[in-house]
$ cat work39.txt   # compact mmCIF, C-alpha atoms
# COMPACT_ATOMS: atom_id res chain seq x y z
CA MET A 1 -18.17 -27.21 12.43
CA GLU A 2 -21.39 -25.26 12.55
CA VAL A 3 -22.16 -21.65 13.44
CA THR A 4 -24.37 -21.77 16.54
CA ALA A 5 -26.12 -19.04 18.50
CA SER A 6 -23.28 -18.74 20.98
CA TRP A 7 -20.89 -17.59 18.24
CA TYR A 8 -23.14 -14.65 17.46
CA LEU A 9 -23.59 -13.88 21.15
CA VAL A 10 -19.84 -13.87 21.84
CA LEU A 11 -19.28 -11.55 18.85
CA SER A 12 -22.09 -9.35 20.13
CA ALA A 13 -20.55 -9.21 23.63
CA VAL A 14 -17.14 -8.24 22.22
CA LEU A 15 -18.68 -5.54 20.01
CA PHE A 16 -20.70 -4.18 22.93
CA ALA A 17 -17.61 -3.99 25.15
CA MET A 18 -15.67 -2.22 22.39
CA GLY A 19 -18.42 0.36 22.01
CA PHE A 20 -18.43 0.82 25.77
CA VAL A 21 -14.67 1.39 25.94
CA GLY A 22 -14.88 3.82 23.03
CA LEU A 23 -17.65 5.76 24.74
CA LEU A 24 -15.49 6.13 27.85
CA VAL A 25 -12.24 6.94 26.04
CA ARG A 26 -13.20 9.35 23.25
CA ARG A 27 -14.10 12.97 23.97
CA ASN A 28 -15.50 14.02 20.61
CA PRO A 29 -19.32 13.83 21.00
CA LEU A 30 -19.72 12.68 17.37
CA ILE A 31 -17.47 9.68 17.95
CA MET A 32 -19.25 8.98 21.23
CA PHE A 33 -22.52 8.77 19.27
CA MET A 34 -20.87 6.35 16.86
CA CYS A 35 -19.84 4.18 19.82
CA ILE A 36 -23.45 4.16 21.02
CA GLU A 37 -24.43 2.96 17.53
CA LEU A 38 -21.86 0.16 17.88
CA MET A 39 -23.47 -0.93 21.15
CA LEU A 40 -26.96 -0.83 19.60
CA ASN A 41 -25.74 -3.00 16.71
CA ALA A 42 -24.23 -5.48 19.15
CA VAL A 43 -27.62 -5.81 20.81
CA ASN A 44 -29.27 -6.26 17.40
CA ILE A 45 -26.97 -9.21 16.64
CA SER A 46 -28.04 -10.81 19.93
CA PHE A 47 -31.71 -10.19 19.20
CA VAL A 48 -31.56 -11.92 15.83
CA ALA A 49 -29.47 -14.81 17.22
CA PHE A 50 -32.01 -15.40 20.00
CA SER A 51 -34.86 -15.02 17.52
CA ASN A 52 -33.41 -17.93 15.55
CA ALA A 53 -32.52 -19.97 18.62
CA LEU A 54 -36.02 -19.64 20.11
CA ASP A 55 -37.82 -19.85 16.77
CA ASP A 56 -39.71 -16.69 17.69
CA VAL A 57 -40.20 -13.65 15.48
CA ALA A 58 -40.43 -11.25 18.45
CA GLY A 59 -36.66 -10.77 18.47
CA ARG A 60 -36.72 -9.46 14.92
CA THR A 61 -39.53 -7.06 15.76
CA ALA A 62 -37.35 -5.78 18.60
CA VAL A 63 -34.52 -5.15 16.12
CA PHE A 64 -36.93 -3.13 14.00
CA PHE A 65 -37.82 -0.93 16.98
CA VAL A 66 -34.16 -0.54 17.94
CA LEU A 67 -33.51 0.76 14.42
CA VAL A 68 -36.27 3.36 14.72
CA VAL A 69 -35.15 4.50 18.15
CA ALA A 70 -31.53 4.71 16.96
CA ALA A 71 -32.60 6.96 14.08
CA ALA A 72 -34.51 9.26 16.46
CA GLU A 73 -31.60 9.29 18.91
CA VAL A 74 -29.11 10.25 16.21
CA VAL A 75 -31.33 13.09 14.99
CA VAL A 76 -31.66 14.60 18.45
CA GLY A 77 -28.02 13.96 19.36
CA LEU A 78 -26.62 15.53 16.22
CA SER A 79 -28.84 18.58 16.58
CA LEU A 80 -27.50 18.93 20.13
CA VAL A 81 -23.96 18.81 18.71
CA VAL A 82 -24.86 21.47 16.13
CA ALA A 83 -26.43 23.69 18.80
CA LEU A 84 -23.33 23.28 21.01
CA LEU A 85 -20.91 24.03 18.20
CA ARG A 86 -22.63 27.31 17.50
CA ARG A 87 -21.75 28.51 20.96
CA ARG A 88 -18.34 26.92 21.35
CA PRO A 89 -15.69 26.63 18.68
CA SER A 90 -14.12 23.45 20.04
CA LEU A 91 -15.81 20.08 19.97
CA SER A 92 -14.87 18.23 23.11
CA VAL A 93 -17.07 17.06 25.93
CA ASP A 94 -14.41 18.20 28.39
CA ASP A 95 -15.28 21.82 27.60
CA LEU A 96 -18.91 21.42 28.60
CA THR A 97 -18.47 22.46 32.19
CA SER A 98 -21.20 25.09 32.59
CA LEU A 99 -23.06 22.91 35.09
CA ARG A 100 -20.03 22.42 37.32
CA GLY A 101 -20.89 23.48 40.87
CA MET B 1 -18.11 -24.83 6.34
CA VAL B 2 -19.22 -21.95 4.15
CA ASP B 3 -21.19 -20.65 7.13
CA VAL B 4 -18.07 -20.59 9.26
CA ILE B 5 -16.08 -18.73 6.60
CA VAL B 6 -18.86 -16.15 6.13
CA PHE B 7 -19.12 -15.70 9.89
CA ALA B 8 -15.35 -15.33 10.31
CA VAL B 9 -15.00 -12.77 7.52
CA SER B 10 -17.94 -10.66 8.68
CA ALA B 11 -16.78 -10.88 12.31
CA LEU B 12 -13.37 -9.60 11.20
CA ILE B 13 -15.01 -6.73 9.31
CA ILE B 14 -17.27 -5.90 12.26
CA LEU B 15 -14.50 -5.89 14.86
CA GLY B 16 -12.06 -4.10 12.54
CA GLY B 17 -14.65 -1.41 11.89
CA ALA B 18 -15.31 -1.06 15.60
CA LEU B 19 -11.56 -0.71 16.25
CA GLY B 20 -11.45 1.92 13.53
CA VAL B 21 -14.25 3.88 15.20
CA ILE B 22 -12.62 3.98 18.60
CA LEU B 23 -9.03 4.47 17.41
CA SER B 24 -9.11 6.76 14.37
CA ARG B 25 -8.00 10.31 14.93
CA HIS B 26 -10.16 11.73 12.17
CA SER B 27 -13.96 11.76 12.58
CA VAL B 28 -14.49 11.05 8.87
CA HIS B 29 -12.38 7.89 9.12
CA ALA B 30 -14.39 6.84 12.17
CA ALA B 31 -17.65 7.30 10.21
CA LEU B 32 -16.32 5.20 7.33
CA SER B 33 -15.23 2.45 9.73
CA LEU B 34 -18.75 2.57 11.14
CA ILE B 35 -20.11 1.76 7.66
CA ALA B 36 -17.86 -1.33 7.55
CA THR B 37 -19.29 -2.50 10.87
CA PHE B 38 -22.87 -1.95 9.68
CA PHE B 39 -22.25 -3.95 6.51
CA GLY B 40 -20.74 -6.79 8.50
CA VAL B 41 -23.78 -6.87 10.76
CA ALA B 42 -26.03 -6.91 7.67
CA VAL B 43 -24.13 -9.96 6.36
CA LEU B 44 -24.73 -11.72 9.69
CA PHE B 45 -28.45 -10.88 9.39
CA VAL B 46 -28.55 -12.46 5.92
CA GLN B 47 -26.78 -15.51 7.30
CA GLN B 48 -29.53 -15.84 9.92
CA GLN B 49 -32.33 -15.59 7.32
CA ALA B 50 -33.33 -12.08 8.46
CA HIS B 51 -33.23 -10.65 4.95
CA PHE B 52 -35.54 -7.69 5.48
CA LEU B 53 -33.59 -6.57 8.54
CA ALA B 54 -30.36 -6.79 6.54
CA VAL B 55 -31.79 -4.48 3.88
CA VAL B 56 -33.08 -2.06 6.50
CA GLN B 57 -29.71 -2.19 8.24
CA VAL B 58 -27.92 -1.11 5.07
CA VAL B 59 -30.49 1.52 4.07
CA VAL B 60 -31.12 3.09 7.47
CA TYR B 61 -27.79 2.65 9.25
CA ALA B 62 -25.17 2.64 6.51
CA GLY B 63 -27.27 5.01 4.41
CA ALA B 64 -29.19 7.50 6.49
CA ILE B 65 -27.43 7.56 9.84
CA VAL B 66 -23.82 7.60 8.61
CA VAL B 67 -24.71 10.19 5.97
CA LEU B 68 -26.19 12.29 8.77
CA PHE B 69 -22.93 11.94 10.72
CA LEU B 70 -20.84 12.87 7.69
CA PHE B 71 -23.16 15.77 6.95
CA VAL B 72 -22.67 17.21 10.42
CA ILE B 73 -18.89 16.64 10.24
CA MET B 74 -18.63 18.42 6.88
CA LEU B 75 -21.20 21.14 7.60
CA LEU B 76 -19.60 22.26 10.81
CA GLY B 77 -16.02 21.89 9.66
CA VAL B 78 -15.14 19.79 12.66
CA ASP B 79 -13.00 17.48 10.58
CA ARG B 80 -9.90 18.36 12.53
CA THR B 81 -7.92 15.55 14.05
CA GLU B 82 -7.94 14.67 17.69
CA ASP B 83 -4.62 13.95 19.31
CA LEU B 84 -5.06 10.54 20.86
CA ALA B 85 -1.60 10.59 22.42
CA GLU B 86 -2.49 13.13 25.07
CA GLU B 87 -4.67 12.00 27.89
CA PRO B 88 -6.33 14.92 29.69
CA LEU B 89 -7.59 12.83 32.59
CA ALA B 90 -4.88 10.75 34.23
CA GLY B 91 -5.67 7.05 34.17
CA GLN B 92 -8.83 7.40 32.09
CA ARG B 93 -7.73 4.95 29.38
CA ALA B 94 -6.65 2.31 31.85
CA THR B 95 -9.86 2.64 33.84
CA ALA B 96 -11.96 2.48 30.67
CA LEU B 97 -10.14 -0.65 29.49
CA LEU B 98 -10.52 -2.24 32.91
CA LEU B 99 -14.24 -1.45 33.04
CA GLY B 100 -14.70 -2.70 29.46
CA GLY B 101 -12.90 -5.94 30.28
CA MET B 102 -15.04 -6.39 33.38
CA LEU B 103 -18.21 -5.77 31.36
CA LEU B 104 -17.13 -8.33 28.75
CA ALA B 105 -16.31 -10.87 31.46
CA LEU B 106 -19.71 -10.21 33.06
CA ILE B 107 -21.62 -10.76 29.79
CA LEU B 108 -19.63 -13.87 28.84
CA GLY B 109 -20.02 -15.23 32.37
CA GLY B 110 -23.75 -14.66 32.19
CA LEU B 111 -23.87 -16.40 28.82
CA PHE B 112 -21.81 -19.47 29.61
CA LEU B 113 -21.71 -20.00 33.36
CA SER B 114 -25.43 -19.73 34.08
CA GLY B 115 -28.07 -22.24 33.17
CA PRO B 116 -27.74 -25.42 31.16
CA GLY B 117 -25.38 -24.03 28.52
CA LEU B 118 -26.34 -21.99 25.52
CA ASP B 119 -26.27 -24.50 22.69
CA THR B 120 -28.00 -27.28 24.58
CA GLU B 121 -31.69 -28.04 24.40
CA GLY B 122 -33.54 -25.29 26.29
CA GLY B 123 -30.40 -23.25 26.86
CA ALA B 124 -31.69 -20.18 25.04
CA LEU B 125 -35.00 -20.51 26.86
CA ALA B 126 -33.26 -20.49 30.23
CA LEU B 127 -31.03 -17.58 29.23
CA THR B 128 -33.83 -15.32 28.00
CA GLY B 129 -36.23 -16.30 30.78
CA GLN B 130 -38.97 -17.40 28.42
CA SER B 131 -41.20 -20.03 29.99
CA SER B 132 -41.61 -22.25 26.95
CA GLN B 133 -41.55 -22.20 23.20
CA THR B 134 -43.94 -19.50 22.13
CA ALA B 135 -47.31 -20.00 20.54
CA SER B 136 -47.18 -21.38 17.04
CA VAL B 137 -48.49 -18.16 15.52
CA ARG B 138 -45.22 -16.37 16.27
CA GLN B 139 -42.89 -19.13 15.19
CA LEU B 140 -40.50 -18.63 12.36
CA ASP B 141 -41.85 -20.47 9.38
CA GLU B 142 -39.52 -21.42 6.57
CA SER B 143 -42.32 -21.27 4.02
CA GLN B 144 -43.13 -17.66 4.85
CA SER B 145 -40.71 -14.92 3.91
CA ASP B 146 -39.00 -12.92 6.58
CA ILE B 147 -40.86 -9.74 5.68
CA ASP B 148 -44.26 -11.46 5.99
CA LEU B 149 -43.40 -12.74 9.46
CA LEU B 150 -42.17 -9.36 10.60
CA ALA B 151 -45.17 -7.48 9.20
CA ASP B 152 -47.53 -10.00 10.77
CA ASP B 153 -45.95 -9.54 14.20
CA LEU B 154 -45.60 -5.77 13.83
CA PHE B 155 -49.13 -4.96 12.75
CA THR B 156 -51.00 -7.38 14.99
CA ARG B 157 -49.26 -7.81 18.34
CA ASN B 158 -47.11 -4.67 18.33
CA VAL B 159 -49.35 -2.16 16.64
CA LEU B 160 -49.42 0.12 19.69
CA SER B 161 -45.62 0.20 19.85
CA PHE B 162 -45.60 0.90 16.13
CA GLU B 163 -47.84 3.96 16.61
CA ALA B 164 -45.68 5.04 19.54
CA THR B 165 -42.56 4.98 17.35
CA ALA B 166 -44.38 7.15 14.81
CA LEU B 167 -45.02 9.65 17.60
CA LEU B 168 -41.40 9.32 18.75
CA LEU B 169 -40.06 10.15 15.30
CA THR B 170 -42.34 13.19 15.07
CA ILE B 171 -41.16 14.40 18.47
CA ALA B 172 -37.52 13.86 17.47
CA THR B 173 -37.98 15.84 14.26
CA VAL B 174 -39.69 18.74 16.02
CA GLY B 175 -37.04 18.64 18.75
CA ALA B 176 -34.23 18.79 16.20
CA VAL B 177 -35.83 21.79 14.49
CA VAL B 178 -36.29 23.59 17.82
CA LEU B 179 -32.71 22.84 18.91
CA VAL B 180 -30.96 24.13 15.81
CA ARG B 181 -33.34 26.98 14.99
CA ASN B 182 -31.51 30.23 14.37
CA ARG B 183 -32.80 32.81 16.80
CA GLY B 184 -31.60 35.99 15.13
CA GLY B 185 -27.87 36.23 15.70
CA GLU B 186 -27.96 34.84 19.20
CA ASP B 187 -25.84 31.94 18.06
CA LEU B 188 -22.84 34.11 17.43
CA VAL B 189 -22.29 34.65 21.14
CA VAL B 190 -19.28 32.72 22.32
CA ASP B 191 -20.07 32.09 25.94
CA GLU B 192 -16.70 30.82 27.08
CA PRO B 193 -14.39 33.51 28.35
CA GLY B 194 -11.01 33.11 26.75
CA SER B 195 -12.19 30.99 23.83
CA ALA B 196 -11.48 32.07 20.30
CA LYS B 197 -13.90 34.33 18.43
CA ARG B 198 -15.57 32.86 15.40

$ encode --input "work39.txt" --output "structure tokens"
Amino acid sequence: MEVTASWYLVLSAVLFAMGFVGLLVRRNPLIMFMCIELMLNAVNISFVAFSNALDDVAGRTAVFFVLVVAAAEVVVGLSLVVALLRRRPSLSVDDLTSLRG
Amino acid sequence: MVDVIVFAVSALIILGGALGVILSRHSVHAALSLIATFFGVAVLFVQQQAHFLAVVQVVVYAGAIVVLFLFVIMLLGVDRTEDLAEEPLAGQRATALLLGGMLLALILGGLFLSGPGLDTEGGALALTGQSSQTASVRQLDESQSDIDLLADDLFTRNVLSFEATALLLTIATVGAVVLVRNRGGEDLVVDEPGSAKR
């Protein structure tokens, strides 16, 4: 038995779906960010698997850029959480209803 | 055979960590489960000869990003537990599970029901839409180390994107400073009527 690209891609699909469900279910914005990180990691697994399957280094370069964008996203997202928490004592996305019409 | 065992163990760690993130009531536990997932992904990178990416995965994700999460959790004192038993929106869990299952079915269907099959000759080409094997200059070369290949691709064909990410990181840093800047006591206003005073 040999580990082929489809094994990695199935694992990646399952991890992506789990991150997706977590994003929909949880209401703590910190945990929602963690679920987004799970989905980004799932995509990274696919990128490296395809990079090996196609014998092309471009997939690994894409992983590098995903890492950088994830770092930037976390910085902005967490500063949003900090700014929100200063105005509201509770941390739940259900309380953020100021834009409700 | 060793490959299969390594894959199985790291897949277990990855999926267990992901379950921990979406099911744990405590945000600190979720962050620690996230580290387990990141380490599992790094092991898979090593298994696929992407050594540099594995190191970056551990340093940037498991190091910097999770520490940032933990820092915010500790700094703000939001380490209270969330009651997962109550469900404020009726049917939200069921709908989320249904949508997640549909998404998984869609991805797996796209992987296995379209094209000539993934593990056959040309299957990955058909799946990614690439016209042919790429030019030899971009091919993975066993004699070159992973970091050489990545640097070669990054600083020749993707140098503009590389500069753009530098700009992106600068913008993110400035944005974070602007967002959390303390504007002289304004932050003490609690703008929800009926919410507790701090």

$ residues_around --input "work39.txt" --residues "Leu97 (chain B)" --least-positions-apart "2" --cutoff "10 Å" --atoms "all atoms listed in the file" --output "ChimeraX atom specification"
/A:17-18,20-22,24-25 /B:92-95,99-103

$ residues_around --input "work39.txt" --residues "Phe16 (chain A)" --least-positions-apart "2" --cutoff "10 Å" --atoms "only C-alpha atoms" --output "PyMOL selection string"
(chain A and resi 10-14+18-22+35-43) or (chain B and resi 18+100+103-104+107)

$ residues_around --input "work39.txt" --residues "Ala31 (chain B)" --least-positions-apart "4" --cutoff "12 Å" --atoms "only C-alpha atoms" --output "ChimeraX atom specification"
/A:30-35,37-38 /B:17-27,35-38,61-63,65-74,79

$ closest_residue --input "work39.txt" --among "B:Ala164, B:Leu76, B:Met1, B:Ala30" --to "Arg86 (chain A)" --atoms "all atoms listed in the file"
B:Leu76

$ residues_around --input "work39.txt" --residues "region 93-100 of chain A" --least-positions-apart "6" --cutoff "10 Å" --atoms "all atoms listed in the file" --output "list of chain:residue names"
A:Arg26, A:Arg27, A:Asn28, A:Pro29, A:Leu30, A:Met32, A:Leu84, B:Pro88, B:Leu89, B:Asp191, B:Glu192

$ closest_residue --input "work39.txt" --among "B:Ala105, B:Ile171, B:Ala96, B:Phe155" --to "chain A" --atoms "only C-alpha atoms"
B:Ala96

$ closest_residue --input "work39.txt" --among "B:Leu150, B:Val9, B:Leu160, B:Leu127" --to "chain A" --atoms "only C-alpha atoms"
B:Leu150

$ atom_distance --input "work39.txt" --atom1 "CA of Leu169 (chain B)" --atom2 "CA of Phe52 (chain B)"
20.9 Å

$ residues_around --input "work39.txt" --residues "Asn44 (chain A)" --least-positions-apart "6" --cutoff "10 Å" --atoms "only C-alpha atoms" --output "ChimeraX atom specification"
/A:12,38,50,59-60,62-64,66-67 /B:41,45,53

$ atom_distance --input "work39.txt" --atom1 "CA of Ala64 (chain B)" --atom2 "CA of Arg88 (chain A)"
26.8 Å

$ atom_distance --input "work39.txt" --atom1 "CA of Asn158 (chain B)" --atom2 "CA of Val69 (chain A)"
15.1 Å

$ closest_residue --input "work39.txt" --among "B:Val159, B:Val59, B:Leu106, B:Val4" --to "chain A" --atoms "only C-alpha atoms"
B:Val4

$ decode --input "work39.txt" --residues "region 42-58 of chain A" --atoms "N, CA and C atoms" --output "PDB file, in the first residue's frame"
ATOM      1  N   ALA A  42      -6.081  23.183   5.428  1.00  0.00           N
ATOM      2  CA  ALA A  42      -6.582  22.142   4.532  1.00  0.00           C
ATOM      3  C   ALA A  42      -6.169  22.443   3.096  1.00  0.00           C
ATOM      4  N   VAL A  43      -6.299  23.722   2.714  1.00  0.00           N
ATOM      5  CA  VAL A  43      -5.913  24.099   1.354  1.00  0.00           C
ATOM      6  C   VAL A  43      -4.410  23.929   1.154  1.00  0.00           C
ATOM      7  N   ASN A  44      -3.618  24.224   2.190  1.00  0.00           N
ATOM      8  CA  ASN A  44      -2.171  24.042   2.077  1.00  0.00           C
ATOM      9  C   ASN A  44      -1.808  22.585   1.818  1.00  0.00           C
ATOM     10  N   ILE A  45      -2.502  21.651   2.504  1.00  0.00           N
ATOM     11  CA  ILE A  45      -2.232  20.231   2.256  1.00  0.00           C
ATOM     12  C   ILE A  45      -2.494  19.904   0.787  1.00  0.00           C
ATOM     13  N   SER A  46      -3.605  20.415   0.252  1.00  0.00           N
ATOM     14  CA  SER A  46      -3.902  20.158  -1.166  1.00  0.00           C
ATOM     15  C   SER A  46      -2.826  20.725  -2.066  1.00  0.00           C
ATOM     16  N   PHE A  47      -2.384  21.939  -1.755  1.00  0.00           N
ATOM     17  CA  PHE A  47      -1.376  22.590  -2.609  1.00  0.00           C
ATOM     18  C   PHE A  47      -0.109  21.745  -2.674  1.00  0.00           C
ATOM     19  N   VAL A  48       0.356  21.263  -1.514  1.00  0.00           N
ATOM     20  CA  VAL A  48       1.595  20.489  -1.526  1.00  0.00           C
ATOM     21  C   VAL A  48       1.367  19.147  -2.221  1.00  0.00           C
ATOM     22  N   ALA A  49       0.196  18.527  -2.013  1.00  0.00           N
ATOM     23  CA  ALA A  49      -0.075  17.244  -2.678  1.00  0.00           C
ATOM     24  C   ALA A  49      -0.072  17.415  -4.187  1.00  0.00           C
ATOM     25  N   PHE A  50      -0.714  18.485  -4.677  1.00  0.00           N
ATOM     26  CA  PHE A  50      -0.725  18.717  -6.127  1.00  0.00           C
ATOM     27  C   PHE A  50       0.658  19.097  -6.636  1.00  0.00           C
ATOM     28  N   SER A  51       1.423  19.817  -5.800  1.00  0.00           N
ATOM     29  CA  SER A  51       2.778  20.172  -6.203  1.00  0.00           C
ATOM     30  C   SER A  51       3.600  18.913  -6.455  1.00  0.00           C
ATOM     31  N   ASN A  52       3.430  17.901  -5.597  1.00  0.00           N
ATOM     32  CA  ASN A  52       4.160  16.648  -5.809  1.00  0.00           C
ATOM     33  C   ASN A  52       3.591  15.864  -6.980  1.00  0.00           C
ATOM     34  N   ALA A  53       2.252  15.867  -7.114  1.00  0.00           N
ATOM     35  CA  ALA A  53       1.646  15.072  -8.174  1.00  0.00           C
ATOM     36  C   ALA A  53       2.008  15.628  -9.547  1.00  0.00           C
ATOM     37  N   LEU A  54       2.092  16.965  -9.654  1.00  0.00           N
ATOM     38  CA  LEU A  54       2.373  17.589 -10.947  1.00  0.00           C
ATOM     39  C   LEU A  54       3.855  17.843 -11.156  1.00  0.00           C
ATOM     40  N   ASP A  55       4.663  17.582 -10.130  1.00  0.00           N
ATOM     41  CA  ASP A  55       6.097  17.821 -10.221  1.00  0.00           C
ATOM     42  C   ASP A  55       6.385  19.290 -10.541  1.00  0.00           C
ATOM     43  N   ASP A  56       5.699  20.176  -9.836  1.00  0.00           N
ATOM     44  CA  ASP A  56       5.750  21.603 -10.141  1.00  0.00           C
ATOM     45  C   ASP A  56       5.900  22.344  -8.815  1.00  0.00           C
ATOM     46  N   VAL A  57       6.864  23.252  -8.737  1.00  0.00           N
ATOM     47  CA  VAL A  57       7.131  23.914  -7.469  1.00  0.00           C
ATOM     48  C   VAL A  57       6.134  25.036  -7.183  1.00  0.00           C
ATOM     49  N   ALA A  58       5.301  25.393  -8.171  1.00  0.00           N
ATOM     50  CA  ALA A  58       4.386  26.522  -7.999  1.00  0.00           C
ATOM     51  C   ALA A  58       3.425  26.302  -6.833  1.00  0.00           C
TER      52      ALA A  58
END
